[in-house]
Structures are given as structure tokens and as C-alpha cells.
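K.L.:
To be precise about what I am sending: the file is called my_file_2.txt and holds compact mmCIF, C-alpha atoms and all ligand atoms.
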# COMPACT_ATOMS: atom_id res chain seq x y z
CA MET A 1 121.93 101.59 131.15
CA THR A 2 122.45 98.04 130.00
CA THR A 3 120.51 94.91 130.90
CA PRO A 4 122.04 91.95 132.80
CA SER A 5 122.81 90.35 129.40
CA GLY A 6 124.77 93.47 128.38
CA ARG A 7 122.45 94.64 125.62
CA ARG A 8 120.77 98.03 125.42
CA PRO A 9 117.20 97.88 126.76
CA TYR A 10 114.38 97.26 124.30
CA ASN A 11 112.42 100.49 123.94
CA PHE A 12 108.70 100.25 123.13
CA SER A 13 108.01 104.00 123.00
CA ALA A 14 105.33 105.19 120.58
CA GLY A 15 107.52 108.10 119.55
CA PRO A 16 110.05 109.53 119.65
CA ALA A 17 110.98 105.91 119.40
CA ALA A 18 113.83 103.43 119.25
CA MET A 19 116.30 103.86 116.41
CA PRO A 20 118.31 101.13 114.68
CA GLU A 21 121.47 100.74 116.78
CA ALA A 22 123.61 100.73 113.62
CA VAL A 23 122.26 104.18 112.71
CA LEU A 24 123.03 105.59 116.17
CA GLN A 25 126.54 104.16 116.04
CA ARG A 26 127.24 105.55 112.59
CA ALA A 27 125.94 108.98 113.64
CA ALA A 28 128.12 108.83 116.76
CA ALA A 29 131.19 107.95 114.70
CA GLU A 30 130.52 110.82 112.30
CA MET A 31 129.44 113.30 114.97
CA LEU A 32 132.57 115.46 115.12
CA ASP A 33 133.78 115.12 111.54
CA TRP A 34 131.42 114.07 108.77
CA GLN A 35 133.43 112.21 106.17
CA GLY A 36 136.55 114.34 106.44
CA SER A 37 134.67 117.63 106.09
CA GLY A 38 135.89 118.82 109.50
CA MET A 39 132.29 119.55 110.50
CA SER A 40 129.45 117.88 112.32
CA VAL A 41 126.36 117.65 110.09
CA MET A 42 124.73 120.01 112.62
CA GLU A 43 127.31 122.65 111.79
CA MET A 44 126.96 122.62 108.00
CA SER A 45 125.25 125.21 105.88
CA HIS A 46 122.14 123.72 104.34
CA ARG A 47 123.27 125.34 101.08
CA GLY A 48 126.77 123.84 101.11
CA LYS A 49 127.81 120.96 98.86
CA GLU A 50 128.19 118.52 101.79
CA PHE A 51 124.66 118.90 103.07
CA GLY A 52 123.35 119.10 99.50
CA ALA A 53 124.78 115.63 98.91
CA ILE A 54 123.32 114.28 102.17
CA CYS A 55 119.86 115.63 101.32
CA ALA A 56 119.88 114.41 97.70
CA GLN A 57 120.99 110.94 98.82
CA ALA A 58 118.26 110.80 101.49
CA GLU A 59 115.62 111.74 98.95
CA ALA A 60 116.89 109.19 96.41
CA ASP A 61 117.04 106.46 99.04
CA PHE A 62 113.51 107.17 100.25
CA ARG A 63 112.23 107.16 96.67
CA ALA A 64 113.91 103.82 96.01
CA LEU A 65 112.86 102.35 99.35
CA LEU A 66 109.16 103.05 98.94
CA ALA A 67 109.08 102.98 95.12
CA VAL A 68 107.77 106.56 95.03
CA PRO A 69 106.85 107.36 91.39
CA GLU A 70 108.51 110.29 89.64
CA HIS A 71 105.32 112.36 89.55
CA PHE A 72 105.39 112.63 93.35
CA HIS A 73 107.54 115.20 95.16
CA ILE A 74 109.33 114.24 98.35
CA LEU A 75 109.35 117.25 100.69
CA PHE A 76 111.34 117.55 103.91
CA MET A 77 109.43 119.95 106.13
CA GLN A 78 108.84 120.98 109.75
CA GLY A 79 105.64 121.22 111.75
CA GLY A 80 104.96 117.56 112.49
CA GLY A 81 101.78 115.61 111.92
CA LEU A 82 99.71 118.21 113.73
CA GLY A 83 101.19 120.95 111.60
CA GLU A 84 100.14 119.01 108.50
CA ASN A 85 96.58 118.92 109.83
CA ALA A 86 96.49 122.62 108.96
CA ILE A 87 99.00 122.65 106.12
CA VAL A 88 97.11 120.04 104.08
CA PRO A 89 93.77 121.90 104.01
CA MET A 90 95.59 125.20 103.34
CA ASN A 91 97.20 123.60 100.27
CA LEU A 92 94.55 121.22 99.00
CA SER A 93 91.07 122.29 100.07
CA ARG A 94 90.77 125.46 97.94
CA GLY A 95 88.47 126.52 100.80
CA ASN A 96 85.87 123.90 99.78
CA LYS A 97 85.09 120.66 101.50
CA ALA A 98 87.16 117.67 102.62
CA ASP A 99 85.97 114.21 103.66
CA PHE A 100 87.33 112.51 106.79
CA VAL A 101 87.33 108.89 107.82
CA ILE A 102 87.61 108.81 111.62
CA THR A 103 89.30 105.70 112.98
CA GLY A 104 90.94 107.03 116.16
CA SER A 105 92.40 110.07 117.91
CA TRP A 106 94.70 111.18 115.11
CA SER A 107 92.15 111.25 112.30
CA ALA A 108 89.70 112.94 114.70
CA LYS A 109 92.30 115.65 115.41
CA SER A 110 92.89 116.11 111.67
CA GLN A 111 89.20 116.67 111.01
CA LYS A 112 88.87 119.15 113.85
CA GLU A 113 91.84 121.23 112.70
CA ALA A 114 90.82 121.21 109.02
CA GLN A 115 87.49 122.83 109.95
CA ARG A 116 89.41 126.04 110.53
CA TYR A 117 90.31 126.18 106.83
CA CYS A 118 87.52 124.37 104.98
CA GLN A 119 84.25 122.58 105.48
CA SER A 120 84.55 119.01 106.64
CA ASN A 121 82.36 115.98 106.17
CA ILE A 122 82.74 112.92 108.36
CA ALA A 123 82.38 110.15 105.77
CA ALA A 124 82.70 107.38 108.33
CA SER A 125 83.57 106.97 112.01
CA ASN A 126 84.30 104.13 114.37
CA ALA A 127 83.73 106.23 117.51
CA ASP A 128 80.71 104.12 118.48
CA ASN A 129 82.92 101.03 118.86
CA GLN A 130 85.67 102.92 120.77
CA HIS A 131 87.90 102.97 117.66
CA THR A 132 88.34 99.21 117.50
CA GLN A 133 87.08 98.49 113.95
CA ILE A 134 87.52 100.16 110.57
CA PRO A 135 84.20 100.89 108.86
CA ALA A 136 84.01 99.02 105.53
CA PRO A 137 84.79 101.47 102.69
CA SER A 138 81.51 100.49 100.98
CA THR A 139 79.68 102.22 103.87
CA TRP A 140 81.59 105.53 103.65
CA GLN A 141 79.50 108.59 102.78
CA VAL A 142 81.93 110.35 100.46
CA SER A 143 80.98 113.76 99.02
CA ASP A 144 80.67 114.48 95.30
CA ASP A 145 82.60 117.70 95.68
CA ALA A 146 85.33 116.98 98.22
CA SER A 147 88.78 118.41 97.52
CA TYR A 148 90.35 115.42 99.23
CA VAL A 149 89.56 112.46 101.46
CA HIS A 150 91.66 112.13 104.63
CA LEU A 151 92.41 109.03 106.67
CA CYS A 152 95.06 107.98 109.17
CA SER A 153 96.48 104.73 107.84
CA ASN A 154 97.82 103.70 111.26
CA GLU A 155 96.25 105.04 114.44
CA THR A 156 99.14 105.12 116.90
CA ILE A 157 97.01 105.38 120.05
CA HIS A 158 94.20 102.95 119.24
CA GLY A 159 96.35 100.42 117.38
CA VAL A 160 94.15 100.33 114.28
CA GLU A 161 95.78 99.98 110.85
CA PHE A 162 94.46 99.89 107.29
CA GLN A 163 95.75 96.65 105.77
CA ALA A 164 94.97 98.05 102.30
CA LEU A 165 94.19 101.57 101.12
CA PRO A 166 90.69 102.16 99.75
CA ASP A 167 90.02 102.61 96.04
CA LEU A 168 88.18 105.95 96.21
CA ALA A 169 87.16 105.85 92.54
CA ALA A 170 85.25 102.62 93.24
CA LEU A 171 83.37 104.52 95.99
CA GLY A 172 82.33 107.22 93.54
CA SER A 173 84.84 109.82 94.76
CA LYS A 174 87.04 111.75 92.36
CA ALA A 175 89.03 113.27 95.20
CA PRO A 176 92.67 112.45 95.96
CA LEU A 177 93.36 110.40 99.08
CA VAL A 178 95.44 111.99 101.85
CA ILE A 179 97.01 109.60 104.33
CA ASP A 180 98.67 110.33 107.66
CA PHE A 181 101.23 107.52 107.70
CA SER A 182 103.29 108.96 110.59
CA SER A 183 103.40 105.76 112.60
CA HIS A 184 103.85 103.09 109.96
CA VAL A 185 105.81 104.79 107.17
CA ALA A 186 108.38 102.40 105.69
CA SER A 187 107.01 99.43 107.63
CA ARG A 188 105.20 98.13 104.53
CA PRO A 189 104.86 99.14 100.86
CA VAL A 190 102.54 101.99 99.82
CA ASP A 191 100.15 101.66 96.87
CA TRP A 192 100.85 105.06 95.29
CA THR A 193 98.12 104.53 92.67
CA ARG A 194 95.64 105.15 95.51
CA VAL A 195 97.38 108.10 97.16
CA GLY A 196 97.48 111.82 96.36
CA LEU A 197 99.44 112.92 99.41
CA ALA A 198 101.06 111.15 102.35
CA PHE A 199 102.53 112.87 105.38
CA GLY A 200 104.26 111.77 108.54
CA GLY A 201 106.55 112.89 111.32
CA ALA A 202 109.90 111.08 111.33
CA GLN A 203 110.06 110.37 115.05
CA LYS A 204 108.55 106.89 115.03
CA ASN A 205 109.99 104.93 112.16
CA LEU A 206 112.56 107.16 110.48
CA GLY A 207 114.58 109.43 112.73
CA PRO A 208 114.46 112.22 115.29
CA ALA A 209 111.52 114.53 115.97
CA GLY A 210 111.53 117.77 113.97
CA LEU A 211 111.44 116.33 110.44
CA THR A 212 108.14 115.90 108.62
CA LEU A 213 107.92 114.02 105.33
CA VAL A 214 105.35 115.01 102.73
CA ILE A 215 104.97 112.97 99.54
CA VAL A 216 102.68 114.82 97.17
CA ARG A 217 101.49 114.22 93.62
CA ASP A 218 102.57 116.92 91.20
CA ASP A 219 99.06 117.96 90.09
CA LEU A 220 98.08 118.82 93.69
CA LEU A 221 100.61 121.65 93.95
CA GLY A 222 99.80 125.27 93.25
CA HIS A 223 96.37 125.66 94.87
CA ALA A 224 97.32 127.01 98.31
CA LEU A 225 95.06 129.49 100.06
CA ASP A 226 96.42 133.06 100.39
CA ILE A 227 96.70 132.64 104.14
CA CYS A 228 99.10 129.71 103.74
CA PRO A 229 102.58 130.65 105.04
CA SER A 230 105.12 130.52 102.20
CA ALA A 231 107.27 128.07 104.16
CA PHE A 232 104.29 125.67 104.22
CA ASN A 233 103.23 126.15 100.62
CA TYR A 234 103.97 122.82 98.93
CA ARG A 235 104.58 124.48 95.55
CA ILE A 236 107.22 126.78 97.03
CA VAL A 237 108.82 124.01 99.10
CA ALA A 238 108.95 121.70 96.05
CA ASP A 239 110.34 124.39 93.73
CA ASN A 240 113.09 125.05 96.26
CA LYS A 241 113.87 121.35 96.82
CA SER A 242 112.95 121.62 100.51
CA MET A 243 115.42 124.51 100.96
CA TYR A 244 113.08 127.51 100.85
CA ASN A 245 113.84 127.94 104.53
CA THR A 246 116.42 126.06 106.59
CA PRO A 247 115.22 122.46 106.64
CA PRO A 248 115.71 120.21 109.70
CA THR A 249 119.20 119.21 108.59
CA TRP A 250 120.00 116.84 111.43
CA GLY A 251 116.68 115.03 111.00
CA ILE A 252 117.26 114.64 107.26
CA TYR A 253 120.75 113.24 107.88
CA ILE A 254 119.58 110.69 110.45
CA ALA A 255 116.53 109.71 108.39
CA GLY A 256 118.89 109.28 105.43
CA LEU A 257 121.04 106.86 107.46
CA THR A 258 117.85 105.02 108.42
CA PHE A 259 116.76 104.78 104.77
CA GLN A 260 120.16 103.23 103.94
CA TRP A 261 119.81 100.79 106.83
CA LEU A 262 116.31 99.86 105.68
CA ARG A 263 117.47 99.28 102.12
CA GLN A 264 120.09 96.85 103.42
CA GLN A 265 117.64 94.74 105.46
CA THR A 266 116.86 91.24 104.18
CA GLU A 267 114.48 88.44 105.10
CA GLY A 268 115.17 85.39 102.95
CA ALA A 269 115.02 86.61 99.36
CA LEU A 270 113.25 89.85 100.33
CA THR A 271 115.02 93.18 100.78
CA GLY A 272 114.14 96.69 101.96
CA VAL A 273 110.53 97.43 102.75
CA ALA A 274 109.36 94.01 101.60
CA ALA A 275 111.73 92.46 104.13
CA MET A 276 110.55 94.88 106.82
CA GLU A 277 106.94 94.03 106.10
CA GLN A 278 107.61 90.33 106.57
CA ARG A 279 109.59 90.93 109.75
CA ASN A 280 106.97 93.31 111.15
CA ALA A 281 104.16 90.85 110.40
CA ALA A 282 106.07 88.10 112.22
CA LYS A 283 106.75 90.36 115.23
CA ALA A 284 103.10 91.42 115.46
CA ARG A 285 101.86 87.83 115.07
CA LEU A 286 104.10 86.68 117.94
CA LEU A 287 102.68 89.30 120.29
CA TYR A 288 99.00 89.12 119.28
CA ASP A 289 98.98 85.31 119.32
CA PHE A 290 100.39 85.34 122.83
CA ILE A 291 97.86 87.93 124.05
CA ASP A 292 94.91 86.13 122.42
CA ALA A 293 95.89 82.79 123.96
CA SER A 294 96.26 84.26 127.45
CA PRO A 295 93.39 84.63 129.96
CA PHE A 296 95.50 87.31 131.72
CA TYR A 297 95.91 89.91 128.91
CA GLU A 298 93.65 91.26 126.17
CA ASN A 299 93.68 93.37 123.01
CA ARG A 300 90.30 94.80 121.98
CA VAL A 301 90.93 95.68 118.33
CA ALA A 302 89.20 93.68 115.56
CA HIS A 303 91.58 91.12 114.08
CA ASP A 304 91.40 92.44 110.52
CA CYS A 305 92.65 95.93 111.41
CA ARG A 306 95.15 95.32 114.20
CA SER A 307 98.22 97.47 113.89
CA ARG A 308 101.57 95.81 113.25
CA MET A 309 103.28 98.83 114.79
CA ASN A 310 101.33 99.79 117.92
CA VAL A 311 99.85 97.05 120.09
CA PRO A 312 97.68 98.36 122.92
CA PHE A 313 96.89 95.69 125.50
CA PHE A 314 95.39 95.42 128.95
CA LEU A 315 95.96 93.33 132.02
CA LYS A 316 92.50 92.05 132.86
CA ASN A 317 93.25 92.88 136.48
CA GLU A 318 94.40 96.47 136.16
CA SER A 319 95.50 96.71 139.78
CA ARG A 320 98.68 94.97 138.59
CA ASN A 321 99.60 97.64 136.04
CA GLU A 322 102.25 99.35 138.16
CA ALA A 323 103.90 96.07 139.12
CA PHE A 324 103.89 95.03 135.45
CA LEU A 325 105.60 98.24 134.37
CA ALA A 326 108.15 98.19 137.20
CA GLY A 327 109.09 94.58 136.43
CA ALA A 328 109.35 95.38 132.73
CA ARG A 329 111.73 98.25 133.40
CA GLU A 330 113.90 95.95 135.49
CA ALA A 331 113.95 93.44 132.65
CA GLY A 332 115.13 96.14 130.24
CA LEU A 333 111.75 96.62 128.54
CA LEU A 334 111.08 100.36 128.49
CA GLN A 335 108.13 102.74 127.87
CA LEU A 336 105.29 100.22 127.80
CA LYS A 337 102.71 102.41 129.53
CA GLY A 338 99.60 102.93 127.39
CA HIS A 339 98.44 106.34 126.17
CA LYS A 340 96.52 108.16 128.89
CA SER A 341 93.33 108.29 126.79
CA VAL A 342 93.20 104.49 126.44
CA GLY A 343 95.04 103.26 129.55
CA GLY A 344 96.64 99.86 129.97
CA MET A 345 99.81 99.12 128.04
CA ARG A 346 101.08 99.78 124.55
CA ALA A 347 103.99 98.09 122.82
CA SER A 348 105.19 100.03 119.80
CA ILE A 349 107.23 97.67 117.67
CA TYR A 350 108.47 99.82 114.82
CA ASN A 351 111.07 98.86 112.23
CA ALA A 352 113.95 99.34 114.68
CA MET A 353 112.52 96.77 117.12
CA PRO A 354 114.13 93.40 116.39
CA PHE A 355 112.15 90.16 116.58
CA GLU A 356 114.20 89.30 119.68
CA GLY A 357 112.82 92.40 121.42
CA VAL A 358 109.24 91.22 120.94
CA GLN A 359 110.29 87.73 122.05
CA ALA A 360 111.79 89.25 125.22
CA LEU A 361 108.51 91.10 125.87
CA VAL A 362 106.43 87.95 125.39
CA ASP A 363 108.78 86.00 127.69
CA TYR A 364 108.39 88.69 130.35
CA MET A 365 104.60 88.78 129.97
CA ARG A 366 104.43 84.98 130.29
CA GLU A 367 106.54 85.01 133.44
CA PHE A 368 104.55 87.90 134.95
CA GLU A 369 101.33 86.00 134.27
CA ARG A 370 102.76 82.82 135.83
CA SER A 371 103.80 84.62 138.99
CA HIS A 372 100.65 86.78 139.36
CA ALA A 373 97.76 84.68 138.03
N1 LIG B 401 99.52 111.51 113.43
C1 LIG B 401 99.87 110.35 114.01
C2 LIG B 401 99.36 109.08 113.42
C3 LIG B 401 100.67 110.34 115.14
O1 LIG B 401 101.00 109.19 115.74
C4 LIG B 401 101.14 111.57 115.67
C5 LIG B 401 102.06 111.64 116.87
N2 LIG B 401 102.00 110.64 117.77
C6 LIG B 401 100.74 112.75 115.05
C7 LIG B 401 99.95 112.68 113.93
C8 LIG B 401 101.18 114.07 115.57
O2 LIG B 401 102.48 114.27 115.21
P1 LIG B 401 103.36 115.48 115.79
O3 LIG B 401 103.43 115.29 117.27
O4 LIG B 401 104.67 115.25 115.09
O5 LIG B 401 102.71 116.74 115.39
Represent the supplied structure as C-alpha cells.
Ligand code: PMP
P.N.:
Amino acid sequence: MTTPSGRRPYNFSAGPAAMPEAVLQRAAAEMLDWQGSGMSVMEMSHRGKEFGAICAQAEADFRALLAVPEHFHILFMQGGGLGENAIVPMNLSRGNKADFVITGSWSAKSQKEAQRYCQSNIAASNADNQHTQIPAPSTWQVSDDASYVHLCSNETIHGVEFQALPDLAALGSKAPLVIDFSSHVASRPVDWTRVGLAFGGAQKNLGPAGLTLVIVRDDLLGHALDICPSAFNYRIVADNKSMYNTPPTWGIYIAGLTFQWLRQQTEGALTGVAAMEQRNAAKARLLYDFIDASPFYENRVAHDCRSRMNVPFFLKNESRNEAFLAGAREAGLLQLKGHKSVGGMRASIYNAMPFEGVQALVDYMREFERSHA
């Protein structure tokens, strides 16, 4: 499918999501014969020298891209974000207590799952404002004896994003911070001085579904509960350089191509993630400014925590939703329907979405408003 202008449609899916076209083209070109090896990456042994090189390069590129310090391990795993909701408490809780900051569906799910492995304390929640504000860290009720504090740094469904990570020590907590950065990984820098562990599925900003990234500080390894499967024990995965069991080789390869693409991106004098951050901020500003200025559309999230990646919005007259979506599809603007728990629309504008894609969405929204207001 191409649009009347001949381009591929712009895809606003929340995940699995649009990929950089250059990455898809490179993967297509290398599909049958990776760099003269005579094999597709899918056909290679994970223990062979070819895949070993692909994996080592992907890890090095991710480390460089996000300036991951040497005392953090980069693990390529399976199980997804929901898998990590169990894997994290099995590895970090020591069966004690963990604190949770609830800012939307994903952090709520994490807290619920962790209760199967440890006690949980809800340190803060924005449920009473329908997940539209982030409670100020100074109001969080952190425990003295928590093994870790969990938050979701970008809530994909509710469109709520931490613009800075909290300084837990300043709140009186000695616990490491765990962040679920599934839906904004590599869209902005990470302050690793504030993080003990970060996890995320690849299928939004990095590559295909099936690959889960875990970035974990060295001192947090080695405390897994006995019930923890060996393949999910961070110590074992780290000691085996993500090759204890067969890792998701295709996902690692594609994510590696994406890391290379990200490292090459520039905005003025900025490169890599700094360039992406600037581009993502400009994309988000374009869309939010348009929505805020329009009497026809609305976004209900507080301005200081609006997500740059996932923009939920509503037509004030919801009887026009189907017409809006049908017209969008015709204009080559795909997968804009909101999550069923929130309704309305959602535009996910991850790294792979160019500024022109957001401009095309805004142009369509303006024209739809003009013809339906
Ligand atoms: N956390 C966040 C922030 C997510 O957006 C998602 C998926 N949309 C998940 C966790 C769950 O990930 P998975 O489906 O890979 O288990």
C-alpha cells in the first residue's frame, strides 16, 4: 500500500510500531545472504562467529547510544515487559517489599504481578485523576525497607511521561530505582545515576516484538529467589552474555541496525539520542499545540507530564470517531484508534516517525475539523 504521493503510509501504532525505513530496507537487502555468509541472520547459530559479531556490535552500539556506564550489564532477553513484571521481583526483591509508583495501566500491572513474589507498597498513585498527572515525588510514601522502587517512565496507554527521574535518596529511600522504559527507550537520554535497572520490550522504539532489553547495575545481580527460572536469572544471563539459552537473534539483529541508524541521526550539531530528543520534542510540540488550540479536539494530560511518544486525544464529539479513522486510513495515516481502556484516538510518534508524519497528521486533523465542525 502506498499513498497518492507514493510514500509508505505513516503508522501511528503503539507497538509493534513503525520502524525506520532505512532499517527495513537494509534488513531486506541482507535477508538471504548476510554479508557474504551465505545465510540469513535467522538461519545462523547463536554461537557462531557471525551472530557473535552482530550481538557484540548491537550491545556496543546501545551502550554508546545511551551512554550506559560500564558497571551496568546490557541483557538481551525474552518475556517482554509483562515477563519482567515477574522477573524483576524474582531477581531483586529477596522476597521482601517493593515500592510502586502508579501512574497508569502499565505500572498498575507491574504492582499487581509483583505481589505474587513479594510484598508491595503503593508509594503514590494518580488513579484518582484518571492517570492524567504524576504525583510530585515529595509526596511519595517510600518504605524504609524496600528492595526497589518501581515506576513506568512512559505510560503508553495514558500518555504520561516522567520528564526527569526522581532522586530517591533525596526522598529518604536507599532502594534502587527500577524503570519500565518500554515505550520511550532511546527517545531521550537516561540519567543512569538515578537508575538501578531499566527494562523494555523492543517493539516500540527499537525493533520487532520478542526481544526484551534489561540494563542492570552489577551490584543487583546474584540475589534471585530459588523459584526464579535459570533463563530469567540476571546473574546467569549476564555471565553467559545473553547466550544462556537461545536469545531472540532476529530481534537483536534488527535492534542493532536501529541502534546504528539512531547513532547516525543529527539535528543541527546534535547527534544520536540528543538529536532524537530534540526531534521528538519538536514533533510532540507540533501535535499538542494544535490540539490545545482547537475547540474540536482535546488531550486531558497535565502539561508537565505529557508524553512525547504517545499522544492520546479525543474528538469532543465522539460520534465522529469512525469517520475520523476511516478518513485517516484513506490519507495514509494508520492505527490511530485509542486503547480500548481509554477510548478516543492515540498517536504514537516514536523515533521512527519523521516530523513530516506528524505534520501530515496535523494537516489531516485540521481539514477534518474544517469539514465537520
Ligand atoms: N510496559 C509498557 C510501558 C508497555 O507499553 C507495554 C506494552 N505495550 C508493556 C509493558 C508490556 O509489554 P509486553 O507486551 O512486551 O509484555
K.L.:
Extending 3 Å beyond the listed atoms of stretch 266-280 of chain A on each side, what axis-aligned box results? I want centre and edge lengths in Å to one decimal, as JSON.
P.N.:
{"center_x": 111.9, "center_y": 91.4, "center_z": 105.3, "size_x": 15.9, "size_y": 18.0, "size_z": 17.8}
K.L.:
How far is it from atom CA of A:Cys305 to atom CA of A:Arg285, in Å with one decimal?
P.N.:
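Computing it gives 12.8 Å between the two atoms.
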K.L.:
Dump the neighbourhood of ligand LIG 401 (chain B) as a compact mmCIF listing (two decimals) with C-alpha atoms, in the frame of the given file: all residues within 9 Å, distances computed on all atoms listed in the file.
P.N.:
# COMPACT_ATOMS: atom_id res chain seq x y z
CA ALA A 14 105.33 105.19 120.58
CA GLY A 15 107.52 108.10 119.55
CA PRO A 16 110.05 109.53 119.65
CA GLN A 78 108.84 120.98 109.75
CA GLY A 79 105.64 121.22 111.75
CA GLY A 80 104.96 117.56 112.49
CA GLY A 81 101.78 115.61 111.92
CA LEU A 82 99.71 118.21 113.73
CA GLY A 83 101.19 120.95 111.60
CA GLU A 84 100.14 119.01 108.50
CA ASN A 85 96.58 118.92 109.83
CA SER A 105 92.40 110.07 117.91
CA TRP A 106 94.70 111.18 115.11
CA SER A 107 92.15 111.25 112.30
CA LYS A 109 92.30 115.65 115.41
CA SER A 110 92.89 116.11 111.67
CA CYS A 152 95.06 107.98 109.17
CA SER A 153 96.48 104.73 107.84
CA ASN A 154 97.82 103.70 111.26
CA GLU A 155 96.25 105.04 114.44
CA THR A 156 99.14 105.12 116.90
CA ILE A 157 97.01 105.38 120.05
CA ASP A 180 98.67 110.33 107.66
CA PHE A 181 101.23 107.52 107.70
CA SER A 182 103.29 108.96 110.59
CA SER A 183 103.40 105.76 112.60
CA HIS A 184 103.85 103.09 109.96
CA PHE A 199 102.53 112.87 105.38
CA GLY A 200 104.26 111.77 108.54
CA GLY A 201 106.55 112.89 111.32
CA ALA A 202 109.90 111.08 111.33
CA GLN A 203 110.06 110.37 115.05
CA LYS A 204 108.55 106.89 115.03
CA ALA A 209 111.52 114.53 115.97
CA GLY A 210 111.53 117.77 113.97
CA LEU A 211 111.44 116.33 110.44
CA THR A 212 108.14 115.90 108.62
K.L.:
Between atom CA of A:Ile179 and atom CA of A:Leu151, what is the distance, to one decimal in Å?
P.N.:
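Between atom CA of A:Ile179 and atom CA of A:Leu151 the gap works out to 5.2 Å.
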K.L.:
I'd like to know which of A:Leu165, A:Ala175, A:Leu225, A:Ala282 is closest to A:Trp192, using only C-alpha atoms.
P.N.:
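Comparing A:Leu165, A:Ala175, A:Leu225, A:Ala282 against A:Trp192, the winner is A:Leu165.
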K.L.:
Return the single residue from A:Asn280, A:Asn96, A:Gln57, A:Gln111 that is closest to A:Arg188, with distances computed using only C-alpha atoms.
P.N.:
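Checking each candidate against A:Arg188, we get A:Asn280 as the closest.
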K.L.:
If you measure from atom CA of A:Ser13 to atom CA of A:Leu325, what distance in Å do you get, rounded to one decimal?
P.N.:
13.0 Å
K.L.:
Considering all atoms listed in the file, state which residue in the set A:Ile102, A:Arg47, A:Ala274, A:Val216 is at the smallest distance from A:Val237.
P.N.:
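The closest residue to A:Val237 is A:Val216.
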K.L.:
Write out as a PyMOL selection string which residues come within 12 Å of A:Asn317 when counting only C-alpha atoms, dropping same-chain ones fewer than 3 positions away.
P.N.:
chain A and resi 295-298+313-314+320-324+344+369+372-373
K.L.:
Can you list, as a VMD selection string, every protein, DNA or RNA residue that comes within 10 Å of A:Leu24 when you count all atoms listed in the file, leaving out same-chain residues fewer than 6 positions away?
P.N.:
chain A and resid 18 30 207 254 257 to 258
K.L.:
As number ranges by chain, please: the residues near A:Asn205 (cut-off 8 Å, only C-alpha atoms, same-chain neighbours under 5 positions excluded).
P.N.:
A: 17, 19, 182-187, 350-352
K.L.:
Find the spatial neighbours of A:Asp191, counting all atoms listed in the file, within a cut-off of 10 Å - ignore same-chain residues fewer than 4 positions away - and output them as a PyMOL selection string.
P.N.:
chain A and resi 66-68+164-166+195
K.L.:
Do a neighbour search on A:Met243 at 10 Å with all atoms listed in the file, toss out local chain neighbours closer than 6 positions, and write the hits as a PyMOL selection string.
P.N.:
chain A and resi 46-47+52+55+75-77+231+236-237
K.L.:
Between A:Leu177, A:Ala169, A:Val311, A:Met31, which is the closest to A:Val101 once you count only C-alpha atoms?
P.N.:
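For A:Val101, the nearest of the candidates is A:Leu177.
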K.L.:
Using all atoms listed in the file, what residues lie at most 9 Å away from (99.1, 93.6, 114.7) (file coordinates), given as number ranges by chain?
P.N.:
A: 159-161, 280-281, 283-285, 287-288, 303-311
K.L.:
Could you write out the selected residues, including C-alpha atoms, as a compact mmCIF listing (two decimals), in the frame of the given file?
P.N.:
# COMPACT_ATOMS: atom_id res chain seq x y z
CA GLY A 159 96.35 100.42 117.38
CA VAL A 160 94.15 100.33 114.28
CA GLU A 161 95.78 99.98 110.85
CA ASN A 280 106.97 93.31 111.15
CA ALA A 281 104.16 90.85 110.40
CA LYS A 283 106.75 90.36 115.23
CA ALA A 284 103.10 91.42 115.46
CA ARG A 285 101.86 87.83 115.07
CA LEU A 287 102.68 89.30 120.29
CA TYR A 288 99.00 89.12 119.28
CA HIS A 303 91.58 91.12 114.08
CA ASP A 304 91.40 92.44 110.52
CA CYS A 305 92.65 95.93 111.41
CA ARG A 306 95.15 95.32 114.20
CA SER A 307 98.22 97.47 113.89
CA ARG A 308 101.57 95.81 113.25
CA MET A 309 103.28 98.83 114.79
CA ASN A 310 101.33 99.79 117.92
CA VAL A 311 99.85 97.05 120.09
K.L.:
With only C-alpha atoms as the atoms that count, which of A:Ala302, A:Ala98, A:Met39, A:Leu65 lies nearest to A:Asn126?
P.N.:
A:Ala302
K.L.:
Find, counting all atoms listed in the file, the residue in A:Ile74, A:Ala347, A:Met353, A:Val301 that gets nearest to A:Gly104.
P.N.:
A:Val301
